[in-house]
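Engineer: Have a peek at coords_31.pdb (PDB, C-alpha atoms).
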```
ATOM      1  CA  MET A   8      56.882   3.372 124.398
ATOM      2  CA  SER A   9      58.828   5.506 121.978
ATOM      3  CA  GLU A  10      59.172   8.285 124.560
ATOM      4  CA  GLN A  11      60.595   5.787 127.035
ATOM      5  CA  GLY A  12      63.088   4.509 124.464
ATOM      6  CA  THR A  13      64.179   8.047 123.633
ATOM      7  CA  GLU A  14      64.641   8.792 127.306
ATOM      8  CA  LYS A  15      66.856   5.713 127.715
ATOM      9  CA  SER A  16      68.984   6.638 124.701
ATOM     10  CA  ILE A  17      69.483  10.166 126.048
ATOM     11  CA  ARG A  18      70.533   8.752 129.409
ATOM     12  CA  ARG A  19      72.930   6.291 127.761
ATOM     13  CA  GLY A  20      74.433   9.071 125.650
ATOM     14  CA  PHE A  21      74.993  11.184 128.741
ATOM     15  CA  LEU A  22      76.654   8.348 130.637
ATOM     16  CA  LYS A  23      78.838   7.506 127.631
ATOM     17  CA  ALA A  24      79.988  11.130 127.350
ATOM     18  CA  LEU A  25      80.643  11.233 131.076
ATOM     19  CA  GLY A  26      82.804   8.121 130.882
ATOM     20  CA  LEU A  27      84.766   9.406 127.889
ATOM     21  CA  GLY A  28      85.373  12.732 129.618
ATOM     22  CA  THR A  29      86.653  11.000 132.727
ATOM     23  CA  ALA A  30      89.019   8.833 130.694
ATOM     24  CA  ALA A  31      90.357  11.872 128.832
ATOM     25  CA  ALA A  32      90.894  13.781 132.066
ATOM     26  CA  ALA A  33      92.770  10.852 133.591
ATOM     27  CA  ALA A  34      95.057  10.522 130.566
ATOM     28  CA  THR A  35      95.973  14.218 130.359
ATOM     29  CA  PRO A  36      98.435  14.397 133.328
ATOM     30  CA  ALA A  37     100.333  11.408 131.978
ATOM     31  CA  LEU A  38     101.066  13.349 128.801
ATOM     32  CA  ALA A  39     102.162  16.539 130.550
ATOM     33  CA  GLN A  40     105.789  17.178 131.477
ATOM     34  CA  ARG A  41     106.690  16.909 135.132
ATOM     35  CA  ALA A  42     107.030  20.264 136.872
ATOM     36  CA  ASP A  43     110.328  19.382 138.560
ATOM     37  CA  SER A  44     112.074  18.068 135.460
ATOM     38  CA  VAL A  45     114.893  19.973 133.793
ATOM     39  CA  PRO A  46     114.195  21.033 130.190
ATOM     40  CA  SER A  47     116.329  19.117 127.713
ATOM     41  CA  ARG A  48     117.998  22.275 126.424
ATOM     42  CA  ASP A  49     119.322  23.005 129.953
ATOM     43  CA  ALA A  50     120.139  19.434 130.885
ATOM     44  CA  ARG A  51     122.730  19.127 128.122
ATOM     45  CA  LYS A  52     124.668  22.127 129.466
ATOM     46  CA  GLU A  53     125.213  20.623 132.914
ATOM     47  CA  ASN A  54     128.266  18.545 133.620
ATOM     48  CA  GLU A  55     128.355  15.706 136.160
ATOM     49  CA  GLN A  56     129.379  17.936 139.061
ATOM     50  CA  GLN A  57     126.669  20.514 138.359
ATOM     51  CA  ARG A  58     124.020  17.839 137.965
ATOM     52  CA  LEU A  59     124.807  16.309 141.372
ATOM     53  CA  ALA A  60     125.171  19.639 143.214
ATOM     54  CA  ALA A  61     122.700  20.503 145.946
ATOM     55  CA  ARG A  62     120.271  23.198 144.822
ATOM     56  CA  TYR A  63     118.514  23.787 148.150
ATOM     57  CA  LYS A  64     119.865  26.856 149.919
ATOM     58  CA  ALA A  65     118.508  27.213 153.442
ATOM     59  CA  ASP A  66     119.744  30.771 153.814
ATOM     60  CA  SER A  67     118.014  32.125 150.703
ATOM     61  CA  ALA A  68     115.377  34.826 151.155
ATOM     62  CA  HIS A  69     112.374  32.824 149.932
ATOM     63  CA  VAL A  70     113.206  29.816 152.138
ATOM     64  CA  GLN A  71     113.591  32.036 155.195
ATOM     65  CA  ALA A  72     110.268  33.730 154.399
ATOM     66  CA  PHE A  73     108.571  30.336 154.123
ATOM     67  CA  TYR A  74     109.814  29.191 157.527
ATOM     68  CA  ARG A  75     109.033  32.578 159.095
ATOM     69  CA  THR A  76     105.410  32.545 157.901
ATOM     70  CA  ASN A  77     104.796  28.872 158.662
ATOM     71  CA  ARG A  78     105.958  28.624 162.253
ATOM     72  CA  TYR A  79     103.810  26.238 164.232
ATOM     73  CA  GLU A  80     103.344  26.971 167.917
TER      74      GLU A  80
END
```
Have the structure of the file written as structure tokens, please.
Structural biologist:
Amino acid sequence: MSEQGTEKSIRRGFLKALGLGTAAAAATPALAQRADSVPSRDARKENEQQRLAARYKADSAHVQAFYRTNRYE
């Protein structure tokens, strides 16, 4: 009987650790900064016009390379 009780406690400990690990992994992205956000030190330097300006440039080299390599036929 004592071996069976020990086996159950080991299993419960494993499942508890698994649940705590899952909860910690789910909470981590919520604490991280978004990748597309502007750092606060740079955001203060922008005026209204700069903040609303379009940043996508279709004729830039990396955008042209993306479209060239991802043509679908």
Engineer: So how far away is atom CA of Gly12 of chain A from atom CA of Ala24 of chain A, in Å?
Structural biologist: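 A separation of 18.4 Å between them.
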Engineer: Once you add 5 Å to each side, what are the centre and edge lengths of the axis-aligned box holding all listed atoms of segment 14-19 of chain A? One decimal in Å, as AutoDock Vina command-line options, if you can.
Structural biologist:
```
--center_x 68.8 --center_y 7.9 --center_z 127.1 --size_x 18.3 --size_y 14.5 --size_z 14.7
```
Engineer: Please indicate the distance in Å from atom CA of Gln71 of chain A to atom CA of Leu59 of chain A, rounded to one decimal place.
Structural biologist: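 Straight-line distance from atom CA of Gln71 of chain A to atom CA of Leu59 of chain A works out to 23.8 Å.
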Engineer: Which distance in Å separates atom CA of Ala32 of chain A and atom CA of Arg19 of chain A, to one decimal?
Structural biologist: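 Those two atoms sit 19.9 Å apart.
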